[in-house]
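**Q** One structure, as structure tokens, below. Some questions next.
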Amino acid sequence: MERKELGQPQEQQSTPIEQIVQQRRQKARDFVSVGINPYPAKYALDKNNADIQREFINLEKEQVADVKVKAAGRVMTYRNMGKAAFLDIRDGYAKIQIYVRADKVGADQYKLFKNMVDTSDIIAVNGIPFRTKTNELSIMVESWTMLTKAFRSLPEKWHGLKDTETRYRQRYLDLIANSDVKDVFIKRSMIISAIRHKLEDLGFIEVETPMLQSLAGGANARPFVTHHNALNIDLFLRIAPELFLKRLVVGGMDRVFEIGRNFRNEGIDKNHNPEFTMLELYQAYSDYNDVMDITETLIKAAAEKIGTSINLEFRRAKMFDLIKEYVGLELLPYIESGKMFDQVKHLNLDLPKNATDKKILDQLFDEKVVPNLKDPTFVIDYPAVYSPLSKVKFDRPEIAERFELYINGMEIGNAYSELNDPELQKIRFVQQMEAKKKGDDEVMPYDEDFIFALEQGLPPTGGLGIGIDRLVMVLTGVESIREVITFPAMRPE
């Protein structure tokens with residue numbers, strides 16, 4: 001492409017995108033040709049744009065401050081008025097208007113600014129704050145510096161970017177275009193921080209456990225499989241850290257937690273992503289009732305941190321009582337009887353062929369009960385046969401001391417009084433292996449080392465898993481898990 005001379009006017013919006021890119025690349029080279037680095041290593045700032053907005057909030061209309069400030073940010077809008085220009089620049093905290101005039105920066109610097117600065121560039125300015133006739137805080141620029149020459153302009157209608165494919169694939173554009181998106185991620189960070197600090201206040205120790213595991217245990221789910229070349233063995237991305245965390249409790253770490261990624265090779269929808277963030281914690285000498293108290297404490301701390309106003313009055317209800325309440329069926333006697341389908345066939349559930357009793361119960365609960373659980377509800381006392389890592393009630397061995405927490409019709413957490421009887425845990429693992437032979441590919445493997453650990457003695461322990469992504473959804477009011485994950489899983493283009 002023919003070289004453009006320094007100072008050529010800005011490109012027109014009608015110019016094809018690739019031609020714009022070439023023109024901007026040439027501008028970067030032109031900066032270098034006159035001894036200006038268009039990508040300096042740093043620029044020292046005393047305050048960000050939000051600080052400036054706060055500092056001069058009491059400045060009156062058309063009043064000029066008596067001090068100078070430095071500001072920096074991405075050029076979001078550019079209104080050229082001949083010998084002056086108004087621009088909006090935005091950093092990671094706020095937007096501020098700048099006013100560039102030829103008689104203030106000098107004719108040569110204004111010409112350079114006018115011809116070389118484009119939307120999406122990142123610049124710094126030094127000048128005097130003032131308020132315009134319309135009472136907008138602005139900076140009268142006395143000098144400016146190019147910090148990053150952008151090759152691509154903001155997308156057309158960037159301020160209304162709504163296409164979800166573009167938003168999720170090019171999250172950087174989403175963040176530029178939609179300030180509320182960044183707010184969600186800031187709140188996500190605050191939620192995790194609040195949970196972490198509250199657990200530390202409660203005496204918990206944060207730990208890390210393997211993400212590459214030789215057995216995919218700790219939950220019923222399909223794992224991702226990978227291969228370790230040096231050891232020449234297949235490994236699994238963890239589906240849960242549970243069994244490793246309980247090994248630590250066996251070793252005397254009575255209160256442990258981990259916040260980290262889990263991976264499950266399953267479907268993608270508004271509530272599921274193949275990799276997701278979980279909090280798991282274990283507290284010795286506790287049961288699932290104690291863990292319910294801890295769960296309430298953590299969620300209320302997180303909600304308070306971000307100032308959410310959702311109802312946080314927690315209800316506790318037994319699973320089969322809820323089924324009776326919302327479906328009118330007494331199903332507990334039919335667990336693992338082979339007769340579950342006969343009891344529910346009139347409900348026209350969306351069931352796969354040859355559905356097991358467990359699948360039928362899960363589907364019934366998900367379709368007929370869960371949508372009613374808008375307020376926070378601890379659903380307690382699940383069937384023991386479906387809870388292979390949970391302690392059972394001593395006087396009712398068919399019932400597990402387990403709960404799932406639902407908020408706004410979505411499962412947020414899962415918890416048990418942890419099974420610490422090694423003989424019973426062996427039986428549960430064997431039952432899982434029998435289910436696998438019958439075609440259930442989401443069962444847990446037999447973990448011999450975990451049995452060995454239990455044989456050393458696991459104290460009575462309460463355990464909890466909370467889906468951080470889903471909790472952020474609930475507390476921020478968004479409806480898709482993709483809105484709370486910076487880069488959600490996408491099919492390649």
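We label chains A, B, ... in the order they appear in the structure tokens, count residues from 1 in each chain, and number ligands from 1 in the order shown.
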Just asking: which residues within range 282-450 of chain A are strand (DSSP E) according to DSSP, as an MDAnalysis selection string?

**A** chainID A and resid 282:284 315:318 377:383 392:393 396:407 410:417

**Q** Residues as selected, N, CA and C atoms, written as a short mmCIF file (atom, residue, chain, number, x, y, z; two decimals), in the first residue's frame, can you do that?

**A**
```
data_model
loop_
_atom_site.label_atom_id
_atom_site.label_comp_id
_atom_site.auth_asym_id
_atom_site.auth_seq_id
_atom_site.Cartn_x
_atom_site.Cartn_y
_atom_site.Cartn_z
N TYR A 282 -14.12 -28.61 54.11
CA TYR A 282 -14.37 -29.73 55.02
C TYR A 282 -14.02 -29.28 56.43
N GLN A 283 -14.94 -29.59 57.36
CA GLN A 283 -14.74 -29.23 58.76
C GLN A 283 -14.93 -30.48 59.62
N ALA A 284 -13.86 -30.83 60.32
CA ALA A 284 -13.92 -32.00 61.20
C ALA A 284 -14.84 -31.73 62.39
N ARG A 315 -34.65 -21.54 53.87
CA ARG A 315 -35.61 -22.55 54.28
C ARG A 315 -34.93 -23.91 54.27
N ARG A 316 -35.35 -24.82 55.16
CA ARG A 316 -34.84 -26.18 55.18
C ARG A 316 -36.03 -27.13 55.00
N ALA A 317 -35.96 -28.00 53.97
CA ALA A 317 -37.08 -28.88 53.68
C ALA A 317 -36.56 -30.22 53.16
N LYS A 318 -37.20 -31.31 53.56
CA LYS A 318 -36.79 -32.64 53.12
C LYS A 318 -37.19 -32.86 51.67
N THR A 377 -33.30 -22.40 49.54
CA THR A 377 -33.86 -23.60 50.16
C THR A 377 -32.81 -24.69 50.27
N PHE A 378 -32.57 -25.16 51.49
CA PHE A 378 -31.75 -26.34 51.70
C PHE A 378 -32.65 -27.56 51.55
N VAL A 379 -32.45 -28.31 50.47
CA VAL A 379 -33.18 -29.56 50.28
C VAL A 379 -32.38 -30.65 50.97
N ILE A 380 -32.93 -31.26 52.02
CA ILE A 380 -32.16 -32.18 52.85
C ILE A 380 -32.68 -33.60 52.72
N ASP A 381 -31.85 -34.56 53.15
CA ASP A 381 -32.22 -35.97 53.30
C ASP A 381 -32.54 -36.64 51.96
N TYR A 382 -31.48 -36.89 51.21
CA TYR A 382 -31.55 -37.57 49.92
C TYR A 382 -31.48 -39.08 50.10
N PRO A 383 -31.88 -39.85 49.08
CA PRO A 383 -31.74 -41.31 49.17
C PRO A 383 -30.27 -41.71 49.32
N VAL A 392 -25.15 -41.97 56.35
CA VAL A 392 -26.59 -42.18 56.43
C VAL A 392 -27.07 -41.92 57.85
N LYS A 393 -28.38 -41.70 57.97
CA LYS A 393 -28.95 -41.56 59.30
C LYS A 393 -28.90 -42.91 60.01
N ARG A 396 -32.28 -44.43 60.18
CA ARG A 396 -32.95 -44.57 58.89
C ARG A 396 -31.89 -44.71 57.81
N PRO A 397 -31.30 -45.88 57.65
CA PRO A 397 -30.15 -46.05 56.75
C PRO A 397 -30.45 -45.83 55.28
N GLU A 398 -31.73 -45.72 54.93
CA GLU A 398 -32.07 -45.43 53.53
C GLU A 398 -31.94 -43.94 53.20
N ILE A 399 -31.71 -43.10 54.22
CA ILE A 399 -31.64 -41.66 54.04
C ILE A 399 -30.22 -41.16 54.31
N ALA A 400 -29.68 -40.36 53.38
CA ALA A 400 -28.35 -39.78 53.54
C ALA A 400 -28.44 -38.42 54.22
N GLU A 401 -27.45 -38.13 55.04
CA GLU A 401 -27.35 -36.80 55.65
C GLU A 401 -26.69 -35.87 54.64
N ARG A 402 -27.50 -35.43 53.73
CA ARG A 402 -27.02 -34.66 52.59
C ARG A 402 -28.00 -33.52 52.31
N PHE A 403 -27.47 -32.39 51.81
CA PHE A 403 -28.36 -31.34 51.32
C PHE A 403 -27.83 -30.77 50.01
N GLU A 404 -28.76 -30.24 49.24
CA GLU A 404 -28.43 -29.39 48.10
C GLU A 404 -29.11 -28.05 48.33
N LEU A 405 -28.39 -26.98 48.01
CA LEU A 405 -28.94 -25.64 48.18
C LEU A 405 -29.44 -25.13 46.83
N TYR A 406 -30.68 -24.65 46.82
CA TYR A 406 -31.27 -24.06 45.61
C TYR A 406 -31.63 -22.61 45.89
N ILE A 407 -31.29 -21.75 44.94
CA ILE A 407 -31.69 -20.35 44.99
C ILE A 407 -32.15 -19.96 43.60
N MET A 410 -32.21 -22.79 40.98
CA MET A 410 -30.95 -23.32 40.47
C MET A 410 -30.14 -23.90 41.62
N GLU A 411 -29.54 -25.07 41.38
CA GLU A 411 -28.69 -25.67 42.40
C GLU A 411 -27.42 -24.86 42.55
N ILE A 412 -27.10 -24.51 43.78
CA ILE A 412 -25.93 -23.71 44.08
C ILE A 412 -24.87 -24.52 44.81
N GLY A 413 -25.29 -25.45 45.67
CA GLY A 413 -24.32 -26.19 46.48
C GLY A 413 -24.80 -27.58 46.81
N ASN A 414 -23.85 -28.40 47.26
CA ASN A 414 -24.10 -29.80 47.62
C ASN A 414 -23.24 -30.11 48.84
N ALA A 415 -23.79 -30.83 49.82
CA ALA A 415 -23.04 -31.06 51.05
C ALA A 415 -23.48 -32.36 51.71
N TYR A 416 -22.56 -32.92 52.51
CA TYR A 416 -22.85 -34.16 53.24
C TYR A 416 -22.32 -34.07 54.67
N SER A 417 -22.89 -34.95 55.51
CA SER A 417 -22.11 -35.48 56.63
C SER A 417 -21.28 -36.60 56.00
#
```

**Q** Could you build a table of the residues in range 411-473 of chain A lying no more than 12 Å from range 349-359 of chain A, giving for each the nearest pair of atoms and their separation in Å rounded to one decimal place, using only C-alpha atoms, ordered by chain and ascending residue number, as JSON lines?

**A**
```
{"residue": "A:Ala435", "atom": "CA", "partner": "A:Thr356", "partner_atom": "CA", "distance": 10.1}
{"residue": "A:Lys438", "atom": "CA", "partner": "A:Thr356", "partner_atom": "CA", "distance": 10.3}
{"residue": "A:Gly439", "atom": "CA", "partner": "A:Thr356", "partner_atom": "CA", "distance": 10.6}
{"residue": "A:Asp440", "atom": "CA", "partner": "A:Thr356", "partner_atom": "CA", "distance": 9.5}
{"residue": "A:Glu442", "atom": "CA", "partner": "A:Lys359", "partner_atom": "CA", "distance": 11.8}
```

**Q** Write a file of the selected residues as a PDB file, in the first residue's frame, keeping N, CA and C atoms.

**A**
```pdb
ATOM      1  N   ALA A 435     -22.991 -50.392  38.813  1.00  0.00           N
ATOM      2  CA  ALA A 435     -23.761 -49.469  37.975  1.00  0.00           C
ATOM      3  C   ALA A 435     -23.022 -49.164  36.684  1.00  0.00           C
ATOM      4  N   LYS A 438     -23.549 -51.698  34.081  1.00  0.00           N
ATOM      5  CA  LYS A 438     -24.884 -51.618  33.488  1.00  0.00           C
ATOM      6  C   LYS A 438     -25.030 -50.422  32.555  1.00  0.00           C
ATOM      7  N   GLY A 439     -23.926 -49.697  32.336  1.00  0.00           N
ATOM      8  CA  GLY A 439     -23.957 -48.617  31.355  1.00  0.00           C
ATOM      9  C   GLY A 439     -23.929 -47.214  31.906  1.00  0.00           C
ATOM     10  N   ASP A 440     -23.854 -47.036  33.223  1.00  0.00           N
ATOM     11  CA  ASP A 440     -23.782 -45.697  33.806  1.00  0.00           C
ATOM     12  C   ASP A 440     -22.333 -45.218  33.743  1.00  0.00           C
ATOM     13  N   GLU A 442     -21.186 -42.245  34.469  1.00  0.00           N
ATOM     14  CA  GLU A 442     -20.910 -41.099  35.330  1.00  0.00           C
ATOM     15  C   GLU A 442     -20.627 -41.505  36.772  1.00  0.00           C
TER      16      GLU A 442
END
```

**Q** If we count only C-alpha atoms and set the cut-off at 9 Å, which residues sit around range 184-186 of chain A, ignoring sequence neighbours fewer than 6 positions away in its own chain? Please answer as a list of chain:residue names.

**A**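 That gives A:Val472, A:Met473, A:Thr476, A:Val478, A:Glu483, A:Val484, A:Ile485, A:Thr486.
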
**Q** Restricting it to C-alpha atoms, dump the selection as a PDB file, in the first residue's frame.

**A**
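Result file follows (result-v8.pdb):
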```
ATOM      1  CA  VAL A 472     -22.278 -15.090  41.158  1.00  0.00           C
ATOM      2  CA  MET A 473     -25.212 -15.470  38.758  1.00  0.00           C
ATOM      3  CA  THR A 476     -25.619 -10.335  40.399  1.00  0.00           C
ATOM      4  CA  VAL A 478     -27.653 -12.518  35.444  1.00  0.00           C
ATOM      5  CA  GLU A 483     -22.077 -13.856  31.679  1.00  0.00           C
ATOM      6  CA  VAL A 484     -19.963 -14.613  34.773  1.00  0.00           C
ATOM      7  CA  ILE A 485     -17.085 -16.511  33.101  1.00  0.00           C
ATOM      8  CA  THR A 486     -14.594 -14.269  31.331  1.00  0.00           C
TER       9      THR A 486
END
```

**Q** Going by DSSP on the backbone, which bits of range 182-228 of chain A are alpha helix (DSSP H)? Write them as a list of chain:residue names, please.

**A** A:Lys182, A:Asp183, A:Val184, A:Phe185, A:Ile186, A:Lys187, A:Arg188, A:Ser189, A:Met190, A:Ile191, A:Ile192, A:Ser193, A:Ala194, A:Ile195, A:Arg196, A:His197, A:Lys198, A:Leu199, A:Glu200, A:Asp201

**Q** Could those residues be written to a file, using N, CA and C atoms, as a PDB file, in the first residue's frame?

**A**
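After the write, result_17.pdb holds the following:
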```
ATOM      1  N   LYS A 182     -18.208  -5.550  32.880  1.00  0.00           N
ATOM      2  CA  LYS A 182     -17.064  -5.427  33.776  1.00  0.00           C
ATOM      3  C   LYS A 182     -17.515  -5.390  35.230  1.00  0.00           C
ATOM      4  N   ASP A 183     -18.640  -4.755  35.493  1.00  0.00           N
ATOM      5  CA  ASP A 183     -19.162  -4.691  36.859  1.00  0.00           C
ATOM      6  C   ASP A 183     -19.426  -6.085  37.410  1.00  0.00           C
ATOM      7  N   VAL A 184     -19.935  -6.995  36.562  1.00  0.00           N
ATOM      8  CA  VAL A 184     -20.201  -8.370  37.008  1.00  0.00           C
ATOM      9  C   VAL A 184     -18.901  -9.050  37.408  1.00  0.00           C
ATOM     10  N   PHE A 185     -17.844  -8.868  36.614  1.00  0.00           N
ATOM     11  CA  PHE A 185     -16.577  -9.518  36.931  1.00  0.00           C
ATOM     12  C   PHE A 185     -15.911  -8.901  38.158  1.00  0.00           C
ATOM     13  N   ILE A 186     -16.107  -7.624  38.366  1.00  0.00           N
ATOM     14  CA  ILE A 186     -15.605  -6.997  39.594  1.00  0.00           C
ATOM     15  C   ILE A 186     -16.336  -7.578  40.797  1.00  0.00           C
ATOM     16  N   LYS A 187     -17.649  -7.726  40.675  1.00  0.00           N
ATOM     17  CA  LYS A 187     -18.430  -8.303  41.780  1.00  0.00           C
ATOM     18  C   LYS A 187     -18.056  -9.756  42.006  1.00  0.00           C
ATOM     19  N   ARG A 188     -17.767 -10.477  40.931  1.00  0.00           N
ATOM     20  CA  ARG A 188     -17.317 -11.863  41.080  1.00  0.00           C
ATOM     21  C   ARG A 188     -16.064 -11.919  41.950  1.00  0.00           C
ATOM     22  N   SER A 189     -15.107 -11.056  41.663  1.00  0.00           N
ATOM     23  CA  SER A 189     -13.879 -11.002  42.446  1.00  0.00           C
ATOM     24  C   SER A 189     -14.178 -10.674  43.904  1.00  0.00           C
ATOM     25  N   MET A 190     -15.098  -9.749  44.120  1.00  0.00           N
ATOM     26  CA  MET A 190     -15.455  -9.355  45.491  1.00  0.00           C
ATOM     27  C   MET A 190     -16.137 -10.508  46.234  1.00  0.00           C
ATOM     28  N   ILE A 191     -16.973 -11.277  45.531  1.00  0.00           N
ATOM     29  CA  ILE A 191     -17.657 -12.420  46.138  1.00  0.00           C
ATOM     30  C   ILE A 191     -16.649 -13.459  46.597  1.00  0.00           C
ATOM     31  N   ILE A 192     -15.703 -13.801  45.713  1.00  0.00           N
ATOM     32  CA  ILE A 192     -14.690 -14.793  46.064  1.00  0.00           C
ATOM     33  C   ILE A 192     -13.835 -14.299  47.225  1.00  0.00           C
ATOM     34  N   SER A 193     -13.487 -13.020  47.184  1.00  0.00           N
ATOM     35  CA  SER A 193     -12.683 -12.447  48.264  1.00  0.00           C
ATOM     36  C   SER A 193     -13.429 -12.510  49.594  1.00  0.00           C
ATOM     37  N   ALA A 194     -14.726 -12.186  49.574  1.00  0.00           N
ATOM     38  CA  ALA A 194     -15.515 -12.208  50.812  1.00  0.00           C
ATOM     39  C   ALA A 194     -15.591 -13.620  51.376  1.00  0.00           C
ATOM     40  N   ILE A 195     -15.792 -14.596  50.504  1.00  0.00           N
ATOM     41  CA  ILE A 195     -15.866 -15.994  50.950  1.00  0.00           C
ATOM     42  C   ILE A 195     -14.528 -16.431  51.543  1.00  0.00           C
ATOM     43  N   ARG A 196     -13.463 -16.115  50.851  1.00  0.00           N
ATOM     44  CA  ARG A 196     -12.128 -16.509  51.322  1.00  0.00           C
ATOM     45  C   ARG A 196     -11.837 -15.905  52.697  1.00  0.00           C
ATOM     46  N   HIS A 197     -12.099 -14.628  52.850  1.00  0.00           N
ATOM     47  CA  HIS A 197     -11.797 -13.972  54.124  1.00  0.00           C
ATOM     48  C   HIS A 197     -12.686 -14.473  55.249  1.00  0.00           C
ATOM     49  N   LYS A 198     -13.950 -14.749  54.949  1.00  0.00           N
ATOM     50  CA  LYS A 198     -14.837 -15.273  55.985  1.00  0.00           C
ATOM     51  C   LYS A 198     -14.371 -16.659  56.434  1.00  0.00           C
ATOM     52  N   LEU A 199     -13.946 -17.501  55.500  1.00  0.00           N
ATOM     53  CA  LEU A 199     -13.440 -18.824  55.867  1.00  0.00           C
ATOM     54  C   LEU A 199     -12.170 -18.710  56.704  1.00  0.00           C
ATOM     55  N   GLU A 200     -11.309 -17.790  56.340  1.00  0.00           N
ATOM     56  CA  GLU A 200     -10.096 -17.588  57.138  1.00  0.00           C
ATOM     57  C   GLU A 200     -10.461 -17.128  58.546  1.00  0.00           C
ATOM     58  N   ASP A 201     -11.475 -16.262  58.658  1.00  0.00           N
ATOM     59  CA  ASP A 201     -11.935 -15.826  59.976  1.00  0.00           C
ATOM     60  C   ASP A 201     -12.457 -17.001  60.802  1.00  0.00           C
TER      61      ASP A 201
END
```

**Q** Could you list, as a PyMOL selection string, every residue within 12 Å of range 46-60 of chain A, counting only C-alpha atoms and ignoring same-chain residues fewer than 6 positions away?

**A** chain A and resi 66-74+88-98+124-139

**Q** Got time to write the residues from that selection, C-alpha atoms, as an mmCIF file, in the first residue's frame?

**A**
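Written output follows (again02.cif):
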```cif
data_model
loop_
_atom_site.group_PDB
_atom_site.id
_atom_site.type_symbol
_atom_site.label_atom_id
_atom_site.label_comp_id
_atom_site.auth_asym_id
_atom_site.auth_seq_id
_atom_site.Cartn_x
_atom_site.Cartn_y
_atom_site.Cartn_z
ATOM 1 C CA ASP A 66 -6.301 26.044 39.730
ATOM 2 C CA VAL A 67 -4.330 22.794 39.476
ATOM 3 C CA LYS A 68 -3.188 20.504 36.701
ATOM 4 C CA VAL A 69 -3.928 16.785 36.430
ATOM 5 C CA LYS A 70 -2.776 13.854 34.353
ATOM 6 C CA ALA A 71 -5.283 11.447 32.852
ATOM 7 C CA ALA A 72 -5.079 8.466 30.523
ATOM 8 C CA GLY A 73 -7.409 6.084 28.754
ATOM 9 C CA ARG A 74 -8.811 4.695 25.540
ATOM 10 C CA ASP A 88 -13.998 10.949 25.749
ATOM 11 C CA ILE A 89 -11.249 8.771 27.174
ATOM 12 C CA ARG A 90 -11.873 5.853 29.515
ATOM 13 C CA ASP A 91 -9.528 3.967 31.777
ATOM 14 C CA GLY A 92 -10.408 0.940 33.870
ATOM 15 C CA TYR A 93 -12.381 3.070 36.335
ATOM 16 C CA ALA A 94 -14.262 5.887 34.615
ATOM 17 C CA LYS A 95 -14.717 8.038 31.518
ATOM 18 C CA ILE A 96 -13.647 11.666 31.355
ATOM 19 C CA GLN A 97 -13.917 14.291 28.638
ATOM 20 C CA ILE A 98 -10.856 16.075 27.292
ATOM 21 C CA ALA A 124 -2.394 10.389 28.155
ATOM 22 C CA VAL A 125 -3.004 14.087 28.684
ATOM 23 C CA ASN A 126 -1.818 16.790 31.050
ATOM 24 C CA GLY A 127 -4.104 19.723 31.647
ATOM 25 C CA ILE A 128 -6.483 21.773 33.790
ATOM 26 C CA PRO A 129 -9.899 20.497 34.916
ATOM 27 C CA PHE A 130 -12.909 22.698 34.177
ATOM 28 C CA ARG A 131 -16.645 22.417 33.706
ATOM 29 C CA THR A 132 -18.262 23.158 30.365
ATOM 30 C CA LYS A 133 -21.390 25.201 29.746
ATOM 31 C CA THR A 134 -23.300 21.907 29.964
ATOM 32 C CA ASN A 135 -21.668 21.254 33.365
ATOM 33 C CA GLU A 136 -19.549 18.297 32.230
ATOM 34 C CA LEU A 137 -16.202 17.882 33.951
ATOM 35 C CA SER A 138 -13.470 18.121 31.315
ATOM 36 C CA ILE A 139 -9.729 18.585 31.045
#
```

**Q** Would you pick out the contacts of Pro210 in chain A at 12 Å or less, using only C-alpha atoms, so that residues sharing its chain but fewer than 3 positions from it are not included, and give the list as a PyMOL selection string?

**A** chain A and resi 207+213-217+235-245+258+260-262

**Q** Using CA of Gly463 in chain A and CA of Leu281 in chain A as the two end points, give the distance in Å to one decimal.

**A**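 It comes out at 5.6 Å.
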